[in-house]
Every structure is written in structure tokens, then in C-alpha cells.
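Accompanying notes for the structure given below.
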Amino acid sequence: MDEKVQNTLLEIADDELILGWRDSEWTGIAPLLEEDVAFSSIAQNEIGHARALYQLVARERGTTADALAFDRAPDEYRCAPIVELRLLDWGQTIARHYLYEEADAIRLERLKQSDDSEIAGLAAKIDREEAYHRMHAQMWFDRLQGEPRFTAALDELRPQTAVLLDSELRGEHTSELPELWEEMTMVRRSQPAGTKW
Amino acid sequence: MSETEFLEYVQSGGQVEATDELPDDYRAKLIKFIEMHGNSELMGVLPEREWILRAPTLQRKLALTAKVQDEVGHSQLIYRVVEDLGKPREQCLDDLISGKSKFHNVFHYPTKTWGDVGVIAWLVDAAAIISQKALLKCSYAPYARIMKKICWEESFHILHGRDVILTLMNGTDDQRELVQEALNRWWGPLMQFHGNPIAKEEDPMYVWRIKSQGNEEARQQFLDGYVPQIWELGLTVPDAKLRKNEDDAWEYSEPDWDELKSVVTGHGPRSQDRLDLRRMARENSAWVRKVVLAEAA
Amino acid sequence: MIYEVFRQERKGQPLQHAGSVEAADDHFADVYAREQYGRRGESTALWIVPRSAVMEIHEFVDELNRNYHRVDGYPLKEKLKEARDRAVSAKSADALSAGEG
């Protein structure tokens, strides 16, 4: 697996990890109890996707998925700015969810064409799970499309989705990433590398 | 059915449904009890959710997210039962936030380290499961039925807790210290958890067979099951008096019942913070419920 | 709107009432029922129905004890004893008369 392919996988994995991290911030405080449960499954799927992608790259590099997920410095992450944003309003969160799924569908299609059968296979698996995410996002889109909070968020976030599909545009992070990384890695960093948790 | 007949019926194992005629006192006590359970599941999420974000491995992150998700799911199941008894969910949430209704003591305390995450999943959940198993025979059948699903889902919570604890105990000195330190802080609330040792015949919840077990019985069961597990790992319980006596019963220092009372009436270290968070989250998302549920009529 | 959820645990088993979810419409009900009653793959099938579509029946009339179409309408112990006793004595009577023949 060449470096470029590894980096592409890391981009997607980082996107899924950080988005999953942000989405799991809604656990316990989502607008409806039933939705809380549903959205948590989506967050878990995202983390699960990240893990599967990290595992592929980790094998190439002789490391572990956890090491890739947690032991890099903030500026080594390849995630897109849009997933780093803390969005406190449900309308904004669903807007990002909807836009992200749209872009993700496109890049998964690309990945499914990979020459590497393992990558193509994993992309197909992820895509099947994402079908559920897309359905969920569409359901909310249909409900909220008349709501200014939602439509305004769509307008504001849409320009940021370009980065999801173009590696060349990646590299910049938001000012929110360091704080997120700090919290995400604080327990792990409290003990030497390689400590089991 | 008269109230006496109803009492005889439930005390001999009879169960009732939402559509049956329920004595007013039974219905009122039932709602209060079940509502407190729903509140507890919902509030129990708050001490744990921060640690989802800080989980040190992907596996732990997934497990903890799934555990907390279950708890939210449980609150949904429970509030549905309360709603079918006549009290709408929104009213339950109003009363929770205003402090009018209560939630269990353990969820009023802070979580300070990853050690707490392990201790909560291992011991606090264990204490809760003992109470929950005693509810499987609840005279109110809809509640008994959801308890079955709840107990089934809780089975992985305990294993997850044990896994976290064992990994820490097999790790570094610092990690072992995390567990001992968390245990030291949680022991008091754990001993208070099952409530003061009121004789079960004087406990209306038992009389109506809402609970099938007295408070002290539950506590003894907890100690029987978990003190050996604690000791075998080389951990110490911060109670010099804790021992099993000649009658095979556990003796222990008198739990601080004043602390329990103070905490459940909203004066715990995190009671107000957490209720504030709930209030804020609810206010911020009110517009969503309005949009989503408005056209549902 | 409240939707009742029925689940089937394994193929071949009956669908049983599992609980209820509150949802704005069928679409939301689908998602929420799936989550509450299937996120662990614990069900092979779910039926979701608006509560308003469920008709409940709690009273059944059987004033004149129609036990003729139930198992408890057929206490056969005494008749069987009588029939067996009769067969035994008929057999010994035959044996006696055969011996005299």
C-alpha cells in the first residue's frame, strides 16, 4: 500500500474519528430520548469505521489502530475542519451530518473502485452501514428544511465540504482541534506509551 | 376489586396491566418509584458521558458509548411506562429539573478519573442490577417486562466494568492507585445506595410488591457478591468494620443516612450542575421537539 | 405519536409485543424501533404499528360454561376405570365358562 493510499485512508479515518467524537457529545442530551439512542449508534459506527481504516494502515506501518488514533500530535491529524467544529445546536449538527454523508457517499464510491481488494471490500462494508446514516440524515432534512436554524447552518457549512473530497485542500485545522485532542488523549497520555487500558 | 383484594392478589404473585383498575395509592406509589428510576438512568448518563470523550482506546470508547446509550434507552423505556400510567414524559422531565422528583444518590457525585469509570461500571452497576433483578417480579407487569430487557442489556455493562478494572489492576502502579482511590470515594455512596434498612413489611414498595426485596436484603446481596471480588484483587474497602459475622451476615459501619438524604434532595456535589445541564440542553432543543412533534397530532 | 413494537427473536418464533416508541411519523418510528429493539441484532424481525391502529379486547363472555370444546370438558378417569374393570371381569367370566366347556 503506497504512502498516498495510506494518507487517503488516514484522512477518512481521522474524519470519522473526530466526527464520531463530536457526535458522541450529544449522548445524553439529544433533543429526544429516542433520537439520543439513534444518534449514538451513528457515532459508534463512525468510530468503528475509523478503527477499521486505522487497522489497515496500522498493519502497513507496524503499529496499532489505537496508536494511530491517539498517539499523534494534533497537527499530524488529517481530518477536515468541518468535523472539528463543536456545534451546540441540533440544527447545525444535523446540517453537518447531512452534508458529510453526501460527501462521504462520493468518496466511498471512489474507494470501492480501489485496486486493493481489501480496501474496496472495507469501503463496501462501510457504505452499507452509511446507507442507514444517509436515511437518517434525509429523514431529519425532510423535517427541518423549513427551519431557519437548519437552512442557515447548511448554507454556512456547505463551503467547508469541499475539503472532504480533495486531499490537496487539507492541512489547515481549526482552533478547536488542540482542545479536542487534549481531552481525547488526556487519560492515555497519563501513562507511558504501550500501557494497556 | 377492593383495595384489600388487590393487596391479596399482588401479594400472592398476581400481576396487573395498564388497563386494569389500580388503587389510587398503588398507582401514585408506582409512578413515583418508576419515575425515579427513569430519572436515575437519565441522570446517570451525565457522570459517564465525559469519559466517552476521554476513553484511552477505541474499544473502550465504543463500549462506553454503547453502555451510556443503553442507559438513555432504559430511560426511554421507563418513561414510556410512566406515561402509560398517566404522567407525560415532559412533565416527568419538568419535575426532575425543578427538583420536585428525585434520582438515585450515586448520580450526584463527581467522576474524577478513569478509575471512576471502572468502579462505576463494576460496582455501581452491580448494586443497581441487584435492585433491578428484584423488579423482574414487579406486580405491575409493563414495568416487569421492561426490566427483563434492561437486565439483559446490563449484563455487558458489568463485564465491561470488570474488564476495565482488571486491566488497570494488571497495569502500572499508577493505574492500580486509580482504582483504589476511586473505590475509596465511591464506597460510602455504594453503601447508601440500597436505602436505609427499613423492614420490608413497612416498606410500601414491598407491600404492594412493586419491589420483591427489602433494602437490607439487597445490600447484603451486593456485599456477598462483590466484597470477595474486591478483596481478591488486593484492593481494600475503606471500612475497618466490614466483615462477615457468625450468622453469615455482613457487618459494616453505619452508612451516613444524613448524607443520603441531603444528596437525594439535591444537595450532592454535582446535583445542581447536572440539573442545570439538563435544563440547558432541554431549553436549547425545545425548538426541535416543537417542529418534530407538532405535526404528529 | 406512539407506535407499538413487536419483535421476533428467532425465525419460526411468534412476534411478541416488545414495547413502544414515540415518533413523529412512520419514518422516525422505523429508525427508533430499529434502535431500541434491534441495535444488537437481537431481533430477526420487527412489526411497528401506530397505537391508534391497535384494538384491545379484555373481556370475554362465557356465561354457560362451554367446556365441550376444551380439554377440561372431558374428565374421563371414572369412565375409563369402569370400562377397564368391565373388560377384566368379562375376560375372567370367559375364562371360567371356557374352563367348564
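Residue numbering restarts at 1 for every chain of the C-alpha cells, chains are lettered A, B, ... in their displayed order, and ligands are numbered from 1 as they appear.
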Shell around Phe193 in chain B at 9 Å using only C-alpha atoms, local window under 6 positions removed, as a ChimeraX atom specification: /B:104-106,124,127-128,219,260
Please identify every residue of chain B that has at least one atom no more than 12 Å from any atom of chain C, counting only C-alpha atoms, and report them as a ChimeraX atom specification. /B:17-20,66,69-81,83-84,88-89,142-150,152-153,156,288-297
Keeping C-alpha atoms, export the residues of the selection given above as a PDB file, in the first residue's frame.
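Heads up, here's the output in result.pdb:
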```pdb
ATOM      1  CA  GLU B  17     -51.624  -4.256  33.397  1.00  0.00           C
ATOM      2  CA  ALA B  18     -52.039  -0.617  32.397  1.00  0.00           C
ATOM      3  CA  THR B  19     -55.691  -1.182  31.572  1.00  0.00           C
ATOM      4  CA  ASP B  20     -56.574  -2.768  34.910  1.00  0.00           C
ATOM      5  CA  ALA B  66     -22.770   1.699  23.970  1.00  0.00           C
ATOM      6  CA  GLN B  69     -26.586   4.580  25.035  1.00  0.00           C
ATOM      7  CA  ASP B  70     -28.235   1.675  26.832  1.00  0.00           C
ATOM      8  CA  GLU B  71     -28.889   3.880  29.811  1.00  0.00           C
ATOM      9  CA  VAL B  72     -30.586   6.503  27.696  1.00  0.00           C
ATOM     10  CA  GLY B  73     -32.552   3.692  26.082  1.00  0.00           C
ATOM     11  CA  HIS B  74     -33.569   2.476  29.512  1.00  0.00           C
ATOM     12  CA  SER B  75     -34.840   5.907  30.454  1.00  0.00           C
ATOM     13  CA  GLN B  76     -36.923   5.872  27.270  1.00  0.00           C
ATOM     14  CA  LEU B  77     -38.433   2.506  28.173  1.00  0.00           C
ATOM     15  CA  ILE B  78     -39.115   3.617  31.712  1.00  0.00           C
ATOM     16  CA  TYR B  79     -40.675   6.987  30.905  1.00  0.00           C
ATOM     17  CA  ARG B  80     -42.959   5.240  28.387  1.00  0.00           C
ATOM     18  CA  VAL B  81     -44.241   3.068  31.209  1.00  0.00           C
ATOM     19  CA  GLU B  83     -46.571   7.887  30.539  1.00  0.00           C
ATOM     20  CA  ASP B  84     -48.933   4.962  30.056  1.00  0.00           C
ATOM     21  CA  PRO B  88     -46.443  12.534  30.390  1.00  0.00           C
ATOM     22  CA  ARG B  89     -42.711  12.466  29.740  1.00  0.00           C
ATOM     23  CA  PRO B 142     -45.408  -3.490  31.979  1.00  0.00           C
ATOM     24  CA  TYR B 143     -42.591  -2.479  34.315  1.00  0.00           C
ATOM     25  CA  ALA B 144     -41.594  -6.104  34.969  1.00  0.00           C
ATOM     26  CA  ARG B 145     -41.374  -6.660  31.233  1.00  0.00           C
ATOM     27  CA  ILE B 146     -39.061  -3.757  30.529  1.00  0.00           C
ATOM     28  CA  MET B 147     -36.928  -4.836  33.482  1.00  0.00           C
ATOM     29  CA  LYS B 148     -36.260  -8.038  31.601  1.00  0.00           C
ATOM     30  CA  LYS B 149     -34.814  -6.100  28.661  1.00  0.00           C
ATOM     31  CA  ILE B 150     -32.919  -3.789  30.990  1.00  0.00           C
ATOM     32  CA  TRP B 152     -30.317  -8.350  29.737  1.00  0.00           C
ATOM     33  CA  GLU B 153     -28.597  -5.230  28.432  1.00  0.00           C
ATOM     34  CA  PHE B 156     -22.455  -6.466  29.268  1.00  0.00           C
ATOM     35  CA  VAL B 288     -36.645  20.655  17.713  1.00  0.00           C
ATOM     36  CA  ARG B 289     -39.340  18.915  19.707  1.00  0.00           C
ATOM     37  CA  LYS B 290     -41.811  21.576  18.651  1.00  0.00           C
ATOM     38  CA  VAL B 291     -41.043  21.014  14.976  1.00  0.00           C
ATOM     39  CA  VAL B 292     -40.846  17.243  15.164  1.00  0.00           C
ATOM     40  CA  LEU B 293     -43.795  16.525  17.404  1.00  0.00           C
ATOM     41  CA  ALA B 294     -46.069  19.331  16.259  1.00  0.00           C
ATOM     42  CA  GLU B 295     -47.215  17.651  13.082  1.00  0.00           C
ATOM     43  CA  ALA B 296     -47.587  14.359  14.908  1.00  0.00           C
ATOM     44  CA  ALA B 297     -51.085  15.080  16.195  1.00  0.00           C
TER      45      ALA B 297
END
```
Define the interface residues of chain A facing chain B as those within 7 Å, counting only C-alpha atoms, and report them as a ChimeraX atom specification. /A:21,27-29,31,33-34,37,40,44,51,66,90,143,183-188,196-197
Compile the residues of chain A that lie within 12 Å of chain C, evaluated using only C-alpha atoms, and express the compilation as a tab-separated table (two decimals) with C-alpha atoms, in the first residue's frame.
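Okay, iface-v3.tsv is ready:
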```tsv
chain	number	residue	atom	x	y	z
A	32	LEU	CA	-35.46	13.36	22.06
A	33	LEU	CA	-34.63	10.24	24.02
A	34	GLU	CA	-35.29	8.01	21.04
A	35	GLU	CA	-33.06	10.18	18.88
A	36	ASP	CA	-30.36	10.10	21.55
A	37	VAL	CA	-30.19	6.33	21.16
A	38	ALA	CA	-30.22	6.50	17.36
A	39	PHE	CA	-27.59	9.19	17.08
A	40	SER	CA	-25.34	7.33	19.47
A	41	SER	CA	-25.40	4.33	17.11
A	42	ILE	CA	-24.30	6.64	14.34
A	44	GLN	CA	-20.41	4.37	17.30
A	45	ASN	CA	-20.49	3.41	13.63
A	132	TYR	CA	-28.54	3.90	7.30
A	133	HIS	CA	-26.83	7.20	8.16
A	134	ARG	CA	-27.96	8.71	4.89
A	135	MET	CA	-31.53	7.61	5.54
A	136	HIS	CA	-31.38	9.14	8.99
A	137	ALA	CA	-29.94	12.41	7.68
A	138	GLN	CA	-32.57	12.59	4.95
A	139	MET	CA	-35.32	11.98	7.48
A	140	TRP	CA	-34.16	14.95	9.51
A	142	ASP	CA	-37.20	16.50	5.38
A	143	ARG	CA	-38.40	17.55	8.82
```
What is the CA of Ala80 in chain A to CA of Gly146 in chain A distance in Å? 28.0 Å
Distance of CA of Ser40 in chain B from CA of Lys100 in chain B, expressed in Å to one decimal place: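 That distance, rounded to one decimal, is 13.7 Å.
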Taking the DSSP secondary structure from the backbone, can you list the residues of chain C that are helix (DSSP H, G or I), as JSON, numbers by chain? {"C": [26, 27, 28, 29, 30, 31, 32, 33, 34, 35, 36, 37, 38, 51, 52, 53, 67, 68, 69, 71, 72, 73, 77, 78, 79, 80, 81, 82, 83, 84, 85, 86, 87, 88, 89, 90, 91, 92, 93, 94, 95, 96, 97, 98, 99, 100]}
Extract the full set of strand (DSSP E or B) residues from range 7-79 of chain C according to DSSP on the backbone, and format it as an MDAnalysis selection string. chainID C and resid 7:8 16:22 45:50
What's the 12 Å shell around Thr265 in chain B, counting only C-alpha atoms, without same-chain residues fewer than 3 positions away, as a list in words?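 Answer for this query is Leu96, Ser98, Gly99, Lys100, Ser101, Lys102, Phe103, His104, Asn105, His108, Asp258, Glu259, Leu260, Lys261, Ser262, Gly268, Pro269, Arg270, Ser271 and Gln272 of chain B.
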